[in-house]
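Visitor: Just one file: my_file.txt, with compact mmCIF, C-alpha atoms (C1' of nucleotides).
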```
# COMPACT_ATOMS: atom_id res chain seq x y z
CA MET A 1 27.65 51.43 167.21
CA ALA A 2 31.32 51.68 167.71
CA THR A 3 33.09 49.11 165.63
CA ARG A 4 35.73 47.13 167.34
CA LYS A 5 39.08 47.53 165.67
CA GLU A 6 41.68 44.87 166.07
CA THR A 7 44.20 47.20 167.63
CA GLY A 8 41.68 48.61 170.02
CA LYS A 9 43.22 52.00 169.53
CA ASN A 10 40.80 53.47 167.07
CA LEU A 11 37.83 54.57 168.99
CA LYS A 12 35.21 56.42 167.14
CA SER A 13 36.08 59.61 168.86
CA THR A 14 39.70 59.60 167.73
CA PRO A 15 39.95 60.06 164.00
CA LEU A 16 42.54 58.15 162.08
CA LYS A 17 45.91 59.73 161.61
CA SER A 18 46.65 60.96 158.16
CA THR A 19 49.12 58.17 157.42
CA GLN A 20 46.62 55.60 158.59
CA ARG A 21 44.00 57.06 156.33
CA LEU A 22 46.39 56.80 153.44
CA THR A 23 47.31 53.25 154.29
CA SER A 24 43.72 52.14 154.63
CA LEU A 25 42.58 53.89 151.48
CA PHE A 26 45.49 52.48 149.59
CA ALA A 27 44.84 48.97 150.79
CA LEU A 28 41.20 49.27 149.86
CA PHE A 29 41.82 50.58 146.39
CA ASN A 30 44.59 48.10 145.85
CA GLU A 31 42.24 45.26 146.69
CA ILE A 32 39.61 46.67 144.36
CA GLY A 33 42.18 47.12 141.63
CA ILE A 34 43.26 43.52 141.92
CA ILE A 35 39.71 42.28 141.73
CA SER A 36 39.17 44.42 138.68
CA GLN A 37 42.27 43.00 137.04
CA LEU A 38 41.40 39.43 137.89
CA SER A 39 37.86 39.73 136.65
CA THR A 40 38.86 41.46 133.44
CA ALA A 41 41.45 38.77 132.86
CA ALA A 42 38.91 36.04 133.56
CA PHE A 43 36.49 37.47 131.03
CA ASN A 44 39.14 38.11 128.41
CA ARG A 45 40.45 34.59 128.78
CA VAL A 46 37.19 33.06 127.66
CA LEU A 47 35.82 35.66 125.29
CA PRO A 48 35.99 34.74 121.60
CA GLU A 49 39.14 35.38 119.68
CA GLY A 50 40.24 38.96 119.59
CA ILE A 51 37.31 40.48 121.46
CA HIS A 52 38.05 42.36 124.64
CA VAL A 53 35.80 42.94 127.63
CA ALA A 54 35.68 46.59 126.66
CA HIS A 55 34.22 45.68 123.28
CA PHE A 56 31.81 43.12 124.57
CA SER A 57 30.63 45.51 127.26
CA VAL A 58 29.63 48.06 124.69
CA LEU A 59 27.74 45.50 122.60
CA ASN A 60 26.03 44.22 125.71
CA HIS A 61 25.16 47.70 126.89
CA LEU A 62 23.64 48.61 123.54
CA PHE A 63 21.63 45.42 123.54
CA ARG A 64 20.34 45.65 127.08
CA LEU A 65 19.66 49.36 127.29
CA GLY A 66 18.85 49.95 123.65
CA ASP A 67 21.04 51.26 120.88
CA GLY A 68 21.03 54.69 119.28
CA LYS A 69 23.30 56.06 121.98
CA THR A 70 25.96 58.68 121.34
CA PRO A 71 29.63 57.88 121.91
CA VAL A 72 29.71 60.29 124.82
CA GLN A 73 26.80 58.54 126.48
CA LEU A 74 28.66 55.28 126.18
CA ALA A 75 31.88 56.76 127.47
CA ASP A 76 30.01 58.11 130.49
CA ALA A 77 28.38 54.78 131.14
CA PHE A 78 31.73 53.07 131.43
CA GLN A 79 33.58 56.06 132.80
CA ILE A 80 36.23 56.08 130.15
CA THR A 81 37.39 59.02 128.08
CA LYS A 82 35.86 59.97 124.77
CA GLY A 83 39.10 59.13 123.05
CA THR A 84 39.07 55.62 124.39
CA MET A 85 35.51 55.18 123.26
CA THR A 86 36.41 56.37 119.77
CA HIS A 87 39.02 53.65 119.75
CA THR A 88 36.62 50.95 120.91
CA LEU A 89 33.91 52.00 118.47
CA ASN A 90 36.39 51.96 115.58
CA GLU A 91 37.22 48.40 116.48
CA LEU A 92 33.58 47.39 116.66
CA GLN A 93 32.84 49.11 113.39
CA LYS A 94 35.76 47.42 111.69
CA ARG A 95 34.17 44.13 112.61
CA LYS A 96 30.79 45.37 111.46
CA PHE A 97 29.24 44.85 114.87
CA ILE A 98 27.89 48.39 114.95
CA ASP A 99 26.68 51.10 112.61
CA ILE A 100 27.56 54.67 113.35
CA LYS A 101 25.19 57.21 111.91
CA PRO A 102 25.03 60.98 112.11
CA ASN A 103 22.82 62.37 114.82
CA PRO A 104 20.02 64.27 113.07
CA GLU A 105 19.53 66.46 116.11
CA ASP A 106 23.13 67.54 116.56
CA ARG A 107 25.60 67.65 113.75
CA ARG A 108 28.56 67.38 116.09
CA SER A 109 27.29 64.07 117.26
CA LYS A 110 26.73 60.49 116.18
CA LEU A 111 24.49 57.59 117.06
CA VAL A 112 25.61 54.03 117.54
CA TYR A 113 23.46 51.11 116.41
CA LEU A 114 23.93 47.37 116.70
CA THR A 115 24.05 45.44 113.46
CA ARG A 116 22.57 42.00 113.08
CA LYS A 117 26.09 40.69 113.06
CA GLY A 118 26.75 42.52 116.29
CA ARG A 119 23.72 41.00 117.96
CA THR A 120 24.65 37.53 116.80
CA PHE A 121 28.16 38.00 118.01
CA ARG A 122 26.98 39.16 121.40
CA GLU A 123 25.02 35.93 121.82
CA HIS A 124 28.01 33.95 120.73
CA ALA A 125 30.18 35.77 123.24
CA ILE A 126 27.68 35.15 126.01
CA ASN A 127 27.79 31.45 125.29
CA SER A 128 31.55 31.54 125.55
CA LEU A 129 31.26 33.31 128.86
CA GLN A 130 28.73 30.95 130.29
CA PRO A 131 30.92 28.19 131.78
CA MET A 132 33.14 30.72 133.48
CA VAL A 133 30.17 32.59 134.85
CA GLU A 134 28.66 29.37 136.15
CA ALA A 135 31.91 28.42 137.82
CA ILE A 136 32.31 31.75 139.52
CA SER A 137 28.68 32.08 140.49
CA GLY A 138 28.84 28.62 141.95
CA ASP A 139 31.62 29.59 144.28
CA LEU A 140 30.22 32.97 145.19
CA ASP A 141 28.47 33.67 148.43
CA ILE A 142 25.84 35.87 146.83
CA GLU A 143 24.54 37.14 150.11
CA LEU A 144 27.98 38.32 151.14
CA VAL A 145 28.72 39.93 147.82
CA LEU A 146 25.44 41.80 147.76
CA ASN A 147 26.42 43.36 151.07
CA ALA A 148 29.16 45.19 149.26
CA ALA A 149 26.89 46.86 146.75
CA PRO A 150 25.97 49.95 148.78
CA ALA A 151 29.57 50.48 149.75
CA LEU A 152 30.66 50.26 146.14
CA LYS A 153 28.03 52.71 145.08
CA HIS A 154 29.12 55.07 147.80
CA LEU A 155 32.79 54.72 146.88
CA ARG A 156 32.07 55.53 143.29
CA GLU A 157 30.08 58.59 144.22
CA VAL A 158 32.79 59.91 146.48
CA LEU A 159 35.42 59.41 143.82
CA ASP A 160 33.20 61.06 141.27
CA ASN A 161 32.68 64.08 143.47
CA ASN A 162 36.40 64.44 144.04
CA ARG A 163 37.45 64.55 140.43
CA MET B 1 15.89 33.20 121.69
CA ALA B 2 13.17 30.98 122.99
CA THR B 3 11.97 32.77 126.05
CA ARG B 4 11.28 36.40 126.50
CA LYS B 5 12.88 36.84 129.84
CA GLU B 6 13.97 40.43 129.51
CA THR B 7 11.90 42.09 132.21
CA GLY B 8 11.10 38.99 134.21
CA LYS B 9 10.76 39.30 137.95
CA ASN B 10 13.13 37.72 140.35
CA LEU B 11 11.45 35.07 142.36
CA LYS B 12 13.23 34.61 145.59
CA SER B 13 12.89 30.90 145.69
CA THR B 14 14.17 30.14 142.22
CA PRO B 15 17.87 30.40 141.57
CA LEU B 16 19.01 32.96 139.08
CA LYS B 17 18.90 32.07 135.44
CA SER B 18 22.18 31.94 133.65
CA THR B 19 21.65 35.23 131.85
CA GLN B 20 20.76 36.90 135.09
CA ARG B 21 23.89 35.58 136.69
CA LEU B 22 25.89 37.00 133.84
CA THR B 23 24.16 40.33 134.08
CA SER B 24 24.67 40.59 137.81
CA LEU B 25 28.27 39.50 137.69
CA PHE B 26 28.94 41.87 134.89
CA ALA B 27 27.34 44.77 136.68
CA LEU B 28 29.32 44.01 139.80
CA PHE B 29 32.65 43.75 138.06
CA ASN B 30 31.89 46.78 135.98
CA GLU B 31 31.25 48.81 139.09
CA ILE B 32 34.45 47.56 140.64
CA GLY B 33 36.36 48.29 137.47
CA ILE B 34 35.10 51.84 137.41
CA ILE B 35 36.07 52.40 141.02
CA SER B 36 39.48 51.03 140.24
CA GLN B 37 39.86 53.36 137.29
CA LEU B 38 38.64 56.39 139.20
CA SER B 39 40.88 55.74 142.17
CA THR B 40 43.93 55.08 140.02
CA ALA B 41 43.23 58.26 138.11
CA ALA B 42 42.78 60.20 141.34
CA PHE B 43 46.13 59.03 142.67
CA ASN B 44 47.94 59.57 139.40
CA ARG B 45 46.56 63.06 139.12
CA VAL B 46 48.22 64.20 142.31
CA LEU B 47 51.35 62.07 142.40
CA PRO B 48 54.57 63.92 141.60
CA GLU B 49 55.55 64.38 138.03
CA GLY B 50 56.09 61.21 136.11
CA ILE B 51 55.46 58.78 138.93
CA HIS B 52 52.63 56.32 138.51
CA VAL B 53 50.56 54.60 141.16
CA ALA B 54 52.22 51.37 140.16
CA HIS B 55 55.63 52.81 140.96
CA PHE B 56 54.60 54.45 144.17
CA SER B 57 52.87 51.26 145.29
CA VAL B 58 56.06 49.31 145.02
CA LEU B 59 58.04 51.88 146.95
CA ASN B 60 55.37 52.00 149.60
CA HIS B 61 55.16 48.24 149.82
CA LEU B 62 58.92 47.92 150.25
CA PHE B 63 58.86 50.56 152.93
CA ARG B 64 55.95 49.20 154.90
CA LEU B 65 56.67 45.50 154.66
CA GLY B 66 60.40 45.69 154.40
CA ASP B 67 62.64 45.57 151.39
CA GLY B 68 64.81 42.71 150.17
CA LYS B 69 61.88 41.17 148.32
CA THR B 70 62.20 39.38 145.00
CA PRO B 71 60.49 40.71 141.89
CA VAL B 72 58.19 37.72 141.86
CA GLN B 73 57.12 38.38 145.42
CA LEU B 74 56.27 41.91 144.44
CA ALA B 75 54.43 40.82 141.34
CA ASP B 76 52.37 38.42 143.43
CA ALA B 77 51.58 41.07 145.98
CA PHE B 78 50.05 43.29 143.32
CA GLN B 79 48.81 40.48 141.14
CA ILE B 80 50.54 41.64 138.03
CA THR B 81 52.71 39.62 135.69
CA LYS B 82 56.43 39.24 136.12
CA GLY B 83 56.97 41.11 132.88
CA THR B 84 55.08 44.10 134.14
CA MET B 85 57.09 44.07 137.34
CA THR B 86 60.31 43.99 135.36
CA HIS B 87 59.10 47.09 133.61
CA THR B 88 58.19 48.88 136.83
CA LEU B 89 61.44 47.96 138.56
CA ASN B 90 63.45 49.20 135.58
CA GLU B 91 61.70 52.50 135.90
CA LEU B 92 62.36 52.72 139.61
CA GLN B 93 65.98 51.75 139.13
CA LYS B 94 66.44 54.33 136.42
CA ARG B 95 65.38 56.93 138.95
CA LYS B 96 67.67 55.38 141.56
CA PHE B 97 64.78 54.74 143.93
CA ILE B 98 65.74 51.10 144.33
CA ASP B 99 68.81 48.87 144.24
CA ILE B 100 68.53 45.46 142.67
CA LYS B 101 71.02 42.95 143.94
CA PRO B 102 71.59 39.29 143.17
CA ASN B 103 69.92 36.87 145.53
CA PRO B 104 72.70 34.94 147.27
CA GLU B 105 70.38 32.02 147.88
CA ASP B 106 69.13 31.59 144.32
CA ARG B 107 71.11 32.68 141.37
CA ARG B 108 68.06 32.94 139.15
CA SER B 109 66.68 35.53 141.44
CA LYS B 110 67.18 39.10 142.62
CA LEU B 111 66.44 41.17 145.66
CA VAL B 112 65.01 44.66 145.63
CA TYR B 113 66.13 47.30 148.12
CA LEU B 114 65.01 50.86 148.70
CA THR B 115 67.67 53.52 148.32
CA ARG B 116 67.78 56.60 150.48
CA LYS B 117 66.56 58.52 147.50
CA GLY B 118 63.68 56.10 147.16
CA ARG B 119 62.68 56.57 150.78
CA THR B 120 62.85 60.31 150.49
CA PHE B 121 60.82 60.25 147.36
CA ARG B 122 58.18 58.07 148.97
CA GLU B 123 57.72 60.67 151.69
CA HIS B 124 57.52 63.39 149.11
CA ALA B 125 54.91 61.43 147.21
CA ILE B 126 52.88 60.86 150.36
CA ASN B 127 52.83 64.58 151.00
CA SER B 128 51.52 65.12 147.49
CA LEU B 129 48.83 62.55 148.10
CA GLN B 130 47.75 63.97 151.39
CA PRO B 131 45.20 66.62 150.37
CA MET B 132 43.46 64.20 148.06
CA VAL B 133 43.38 61.53 150.71
CA GLU B 134 41.98 63.98 153.22
CA ALA B 135 39.30 65.06 150.81
CA ILE B 136 38.23 61.55 150.00
CA SER B 137 38.41 60.32 153.57
CA GLY B 138 36.34 63.25 154.63
CA ASP B 139 33.55 62.28 152.31
CA LEU B 140 33.73 58.59 153.03
CA ASP B 141 31.35 56.79 155.28
CA ILE B 142 34.01 54.59 156.81
CA GLU B 143 31.54 52.33 158.49
CA LEU B 144 29.81 51.61 155.21
CA VAL B 145 33.01 51.06 153.33
CA LEU B 146 34.36 48.65 155.92
CA ASN B 147 31.28 46.55 155.35
CA ALA B 148 32.57 45.77 151.91
CA ALA B 149 35.89 44.38 153.06
CA PRO B 150 34.80 40.76 153.66
CA ALA B 151 32.99 40.68 150.35
CA LEU B 152 36.03 41.99 148.53
CA LYS B 153 38.24 39.41 150.16
CA HIS B 154 35.80 36.72 149.17
CA LEU B 155 35.56 37.98 145.61
CA ARG B 156 39.29 37.97 145.23
CA GLU B 157 39.55 34.44 146.55
CA VAL B 158 36.90 33.14 144.21
CA LEU B 159 38.54 34.78 141.23
CA ASP B 160 41.89 33.41 142.32
CA ASN B 161 40.54 29.90 142.56
CA ASN B 162 39.00 30.13 139.13
CA ARG B 163 42.11 31.12 137.26
C1' DT C 1 73.11 10.72 138.51
C1' DG C 2 70.92 12.36 134.62
C1' DA C 3 66.67 13.74 132.25
C1' DT C 4 62.69 16.40 132.93
C1' DA C 5 59.89 19.82 134.89
C1' DT C 6 59.46 24.03 137.37
C1' DT C 7 60.66 28.69 138.56
C1' DA C 8 62.91 33.63 138.13
C1' DG C 9 63.45 37.05 135.29
C1' DT C 10 63.58 39.29 130.49
C1' DT C 11 61.96 40.38 125.95
C1' DT C 12 58.70 41.32 122.40
C1' DG C 13 54.49 42.76 120.35
C1' DA C 14 49.87 44.11 120.98
C1' DT C 15 46.40 46.88 123.10
C1' DG C 16 43.39 49.47 126.23
C1' DT C 17 43.66 53.65 128.43
C1' DC C 18 44.77 58.41 129.52
C1' DA C 19 45.95 63.35 128.82
C1' DT C 20 46.25 66.85 125.74
C1' DA C 21 45.48 69.36 121.82
C1' DC C 22 42.59 70.05 117.83
C1' DT C 23 38.22 70.77 114.67
C1' DA C 24 33.50 71.47 114.15
C1' DT C 25 29.10 72.48 115.89
C1' DA C 26 26.00 74.31 119.38
C1' DA C 27 24.66 77.20 123.24
C1' DT C 28 24.95 81.36 125.78
C1' DA C 29 25.96 86.12 127.09
C1' DG C 30 26.33 91.13 125.99
C1' DC D 1 23.60 89.41 116.13
C1' DT D 2 28.17 88.65 117.44
C1' DA D 3 31.64 86.96 120.55
C1' DT D 4 32.60 83.80 123.87
C1' DT D 5 32.17 79.48 125.91
C1' DA D 6 30.91 74.70 126.00
C1' DT D 7 30.36 70.21 123.94
C1' DA D 8 31.06 66.02 120.47
C1' DG D 9 34.23 63.60 118.41
C1' DT D 10 39.14 62.69 116.56
C1' DA D 11 44.23 62.49 116.60
C1' DT D 12 48.53 61.90 118.85
C1' DG D 13 51.90 60.27 122.03
C1' DA D 14 52.89 57.96 126.18
C1' DC D 15 52.45 54.10 129.17
C1' DA D 16 50.89 50.22 132.16
C1' DT D 17 49.64 45.88 131.30
C1' DC D 18 49.19 41.27 129.29
C1' DA D 19 50.36 36.95 126.82
C1' DA D 20 53.72 34.22 124.98
C1' DA D 21 58.24 32.89 123.92
C1' DC D 22 62.83 32.70 125.69
C1' DT D 23 67.20 31.93 128.91
C1' DA D 24 69.16 30.48 133.04
C1' DA D 25 69.04 28.20 137.34
C1' DT D 26 66.87 25.03 140.47
C1' DA D 27 64.01 21.13 141.90
C1' DT D 28 62.20 16.63 141.17
C1' DC D 29 62.23 11.87 140.30
C1' DA D 30 63.21 7.57 138.16
```
If you convert what's in this file into structure tokens, what do you get?
Guide:
Amino acid sequence: MATRKETGKNLKSTPLKSTQRLTSLFALFNEIGIISQLSTAAFNRVLPEGIHVAHFSVLNHLFRLGDGKTPVQLADAFQITKGTMTHTLNELQKRKFIDIKPNPEDRRSKLVYLTRKGRTFREHAINSLQPMVEAISGDLDIELVLNAAPALKHLREVLDNNR
Amino acid sequence: MATRKETGKNLKSTPLKSTQRLTSLFALFNEIGIISQLSTAAFNRVLPEGIHVAHFSVLNHLFRLGDGKTPVQLADAFQITKGTMTHTLNELQKRKFIDIKPNPEDRRSKLVYLTRKGRTFREHAINSLQPMVEAISGDLDIELVLNAAPALKHLREVLDNNR
DNA sequence: TGATATTAGTTTGATGTCATACTATAATAG
DNA sequence: CTATTATAGTATGACATCAAACTAATATCA
């Protein structure tokens, strides 16, 4: 079905001009960037003292999907560089939230495990997050938001393929 | 700790449990964050030497929506802090892409204008962006992506209201 | 009017992230 | 088997961003 555009000029048969493509793409990614910033800020604001979303995310990932992952696996999961993950893991190790052990199957590599302290802290962090999550969830039109999921998946794939 | 909910099924009729809300929200924002990172990286990769998306965005914004904006207006438009905008504007001024003049109507304030050099540079930057934009646009299912727009708008509003 | 609160912009310090270069180990090709 | 290439992780330097504290000007209100 041909979508109706507000200007009426963009019929399906006439592709967007290059500048229009740029403008649209830019607007889209700008909007997404702002949402990312706002959500990160919202989480950071209520997370316990000194812990950043990036740190909590790793703890949470290890808990939910199982620990014993390599740093590279974690970096891939969050699409950050290895160097950044080294940084994050150092922080988590300094706080004794994780143990990093050599990988018996590959001496270049390491395996990351949650400590008891790390697990406890994760629960603590989740409790801190709870009121904010309730507030946001309460305002969210879940139905509407779920509509975006396929588009987001698609966007990510396209960006991944164009790296 | 009490209930073993881990792999529980989602009953349609019962609202999501708190942990599930957290998980879903987190997954959503994580996905959005990754898209934001990937798109920023994609733009930065092809922008001319030493110019960052943040800088280009400001130039582009001033061009498209007209210059003579205050720093705070710009900061609001991109949802970054005033301090960050100060930083960006300093950079742009150092390169003589913008002029910053006192605001005759408010002596606390300033007005930002594009220089000729800034306009020229913006065009140059757009040319650099073009192949990447073409590549991405070519792969994008526009229809699908447009579906996400209302959800994104909604998300942003909810986050804004919960600040 | 005069005290108080708000707003515009800057500064400072911290930090998450990236790109790049580097070391060590593993995998692969000739 | 040896040489080349690829991969895991670390180190370094740069930078965009934030939060918080600060100055100056404006707005509010009692």
Visitor: Interatomic distance between CA of Ile80 in chain B and CA of Leu38 in chain A?
Guide: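 So the two atoms, CA of Ile80 in chain B and CA of Leu38 in chain A, lie 9.4 Å apart.
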Visitor: Could you list, as a PyMOL selection string, the residues of chain B having an atom within 10 Å of chain C when counting only C-alpha atoms (C1' of nucleotides)?
Guide: chain B and resi 37+41+70-72+82-83+85-87+106-110
Visitor: Near chain B, which residues of chain D fall within 9 Å when you count all atoms listed in the file, and what do they look like as a ChimeraX atom specification?
Guide: /D:16-18,24-26
Visitor: Can you check which residues of chain A have any atom within 7 Å of chain B? Use all atoms listed in the file and format it as a PyMOL selection string.
Guide: chain A and resi 22+29+32-36+38-39+42+78-79+133+136+139-140+144-145+147-148+151+156+158-159+162-163
Visitor: Suppose you want the space between CA of Ala27 in chain A and CA of Lys94 in chain B; what is it in Å?
Guide: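 Interatomic distance, CA of Ala27 in chain A to CA of Lys94 in chain B: 26.5 Å.
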Visitor: With chain A fixed, least-squares superpose chain B over all its C-alpha atoms paired in order and give the RMSD in Å.
Guide: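 The optimal C-alpha superposition leaves an RMSD of 4.5 Å.
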Visitor: Specify the axis-aligned box that encloses all atoms of range 2-19 of chain D listed in the file after padding of 8 Å on each side, stating its centre and edge lengths in Å to one decimal as lines of an AutoDock Vina configuration file.
Guide:
```
center_x = 40.5
center_y = 62.8
center_z = 124.4
size_x = 40.7
size_y = 67.7
size_z = 31.6
```
Visitor: One decimal, Å: what's the distance from CA of Ala75 in chain A over to CA of Arg116 in chain A, could you say?
Guide: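 Computed distance, CA of Ala75 in chain A to CA of Arg116 in chain A, equals 22.6 Å.
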Visitor: List as a compact mmCIF listing (two decimals) with C-alpha atoms, keeping the file's coordinate frame the protein and nucleic acid residues near Thr120 in chain B, meaning an atom at most 12 Å away when all atoms listed in the file are counted, but skip any in the same chain fewer than 3 places from it.
Guide:
```txt
# COMPACT_ATOMS: atom_id res chain seq x y z
CA PHE B 56 54.60 54.45 144.17
CA LEU B 59 58.04 51.88 146.95
CA ASN B 60 55.37 52.00 149.60
CA PHE B 63 58.86 50.56 152.93
CA LYS B 96 67.67 55.38 141.56
CA PHE B 97 64.78 54.74 143.93
CA ILE B 98 65.74 51.10 144.33
CA LEU B 114 65.01 50.86 148.70
CA THR B 115 67.67 53.52 148.32
CA ARG B 116 67.78 56.60 150.48
CA LYS B 117 66.56 58.52 147.50
CA GLU B 123 57.72 60.67 151.69
CA HIS B 124 57.52 63.39 149.11
CA ALA B 125 54.91 61.43 147.21
CA ILE B 126 52.88 60.86 150.36
CA ASN B 127 52.83 64.58 151.00
```
Visitor: Pop range 71-90 of chain B out of the structure in the block and write N, CA and C atoms as a PDB file, in the first residue's frame.
Guide:
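decode21.pdb, written as the output of this step:
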```pdb
ATOM      1  N   PRO B  71      22.465  29.234  22.474  1.00  0.00           N
ATOM      2  CA  PRO B  71      23.039  27.946  22.865  1.00  0.00           C
ATOM      3  C   PRO B  71      22.045  27.050  23.591  1.00  0.00           C
ATOM      4  N   VAL B  72      21.237  27.644  24.435  1.00  0.00           N
ATOM      5  CA  VAL B  72      20.270  26.814  25.166  1.00  0.00           C
ATOM      6  C   VAL B  72      19.242  26.207  24.227  1.00  0.00           C
ATOM      7  N   GLN B  73      18.820  26.973  23.249  1.00  0.00           N
ATOM      8  CA  GLN B  73      17.880  26.420  22.274  1.00  0.00           C
ATOM      9  C   GLN B  73      18.492  25.224  21.564  1.00  0.00           C
ATOM     10  N   LEU B  74      19.763  25.353  21.220  1.00  0.00           N
ATOM     11  CA  LEU B  74      20.438  24.250  20.550  1.00  0.00           C
ATOM     12  C   LEU B  74      20.586  23.042  21.464  1.00  0.00           C
ATOM     13  N   ALA B  75      20.946  23.322  22.698  1.00  0.00           N
ATOM     14  CA  ALA B  75      21.105  22.222  23.656  1.00  0.00           C
ATOM     15  C   ALA B  75      19.782  21.482  23.830  1.00  0.00           C
ATOM     16  N   ASP B  76      18.699  22.225  23.887  1.00  0.00           N
ATOM     17  CA  ASP B  76      17.386  21.599  24.025  1.00  0.00           C
ATOM     18  C   ASP B  76      17.042  20.757  22.804  1.00  0.00           C
ATOM     19  N   ALA B  77      17.383  21.282  21.643  1.00  0.00           N
ATOM     20  CA  ALA B  77      17.043  20.574  20.417  1.00  0.00           C
ATOM     21  C   ALA B  77      17.715  19.204  20.365  1.00  0.00           C
ATOM     22  N   PHE B  78      18.910  19.121  20.908  1.00  0.00           N
ATOM     23  CA  PHE B  78      19.630  17.846  20.861  1.00  0.00           C
ATOM     24  C   PHE B  78      19.612  17.132  22.196  1.00  0.00           C
ATOM     25  N   GLN B  79      18.965  17.736  23.143  1.00  0.00           N
ATOM     26  CA  GLN B  79      18.830  17.140  24.475  1.00  0.00           C
ATOM     27  C   GLN B  79      20.186  16.827  25.094  1.00  0.00           C
ATOM     28  N   ILE B  80      21.068  17.778  25.008  1.00  0.00           N
ATOM     29  CA  ILE B  80      22.326  17.647  25.722  1.00  0.00           C
ATOM     30  C   ILE B  80      22.429  18.803  26.718  1.00  0.00           C
ATOM     31  N   THR B  81      23.374  18.733  27.605  1.00  0.00           N
ATOM     32  CA  THR B  81      23.459  19.774  28.626  1.00  0.00           C
ATOM     33  C   THR B  81      24.065  21.046  28.039  1.00  0.00           C
ATOM     34  N   LYS B  82      23.846  22.128  28.752  1.00  0.00           N
ATOM     35  CA  LYS B  82      24.389  23.405  28.300  1.00  0.00           C
ATOM     36  C   LYS B  82      25.912  23.338  28.222  1.00  0.00           C
ATOM     37  N   GLY B  83      26.493  22.676  29.196  1.00  0.00           N
ATOM     38  CA  GLY B  83      27.948  22.562  29.231  1.00  0.00           C
ATOM     39  C   GLY B  83      28.503  21.886  27.998  1.00  0.00           C
ATOM     40  N   THR B  84      27.821  20.832  27.585  1.00  0.00           N
ATOM     41  CA  THR B  84      28.257  20.123  26.391  1.00  0.00           C
ATOM     42  C   THR B  84      28.132  21.021  25.170  1.00  0.00           C
ATOM     43  N   MET B  85      27.059  21.802  25.128  1.00  0.00           N
ATOM     44  CA  MET B  85      26.873  22.695  23.984  1.00  0.00           C
ATOM     45  C   MET B  85      27.947  23.773  23.968  1.00  0.00           C
ATOM     46  N   THR B  86      28.302  24.281  25.125  1.00  0.00           N
ATOM     47  CA  THR B  86      29.411  25.237  25.196  1.00  0.00           C
ATOM     48  C   THR B  86      30.650  24.642  24.529  1.00  0.00           C
ATOM     49  N   HIS B  87      30.919  23.421  24.874  1.00  0.00           N
ATOM     50  CA  HIS B  87      32.063  22.707  24.341  1.00  0.00           C
ATOM     51  C   HIS B  87      31.992  22.611  22.814  1.00  0.00           C
ATOM     52  N   THR B  88      30.864  22.164  22.317  1.00  0.00           N
ATOM     53  CA  THR B  88      30.681  22.007  20.876  1.00  0.00           C
ATOM     54  C   THR B  88      30.810  23.346  20.156  1.00  0.00           C
ATOM     55  N   LEU B  89      30.177  24.372  20.706  1.00  0.00           N
ATOM     56  CA  LEU B  89      30.214  25.687  20.056  1.00  0.00           C
ATOM     57  C   LEU B  89      31.633  26.253  20.043  1.00  0.00           C
ATOM     58  N   ASN B  90      32.370  26.019  21.111  1.00  0.00           N
ATOM     59  CA  ASN B  90      33.771  26.452  21.130  1.00  0.00           C
ATOM     60  C   ASN B  90      34.540  25.828  19.974  1.00  0.00           C
TER      61      ASN B  90
END
```
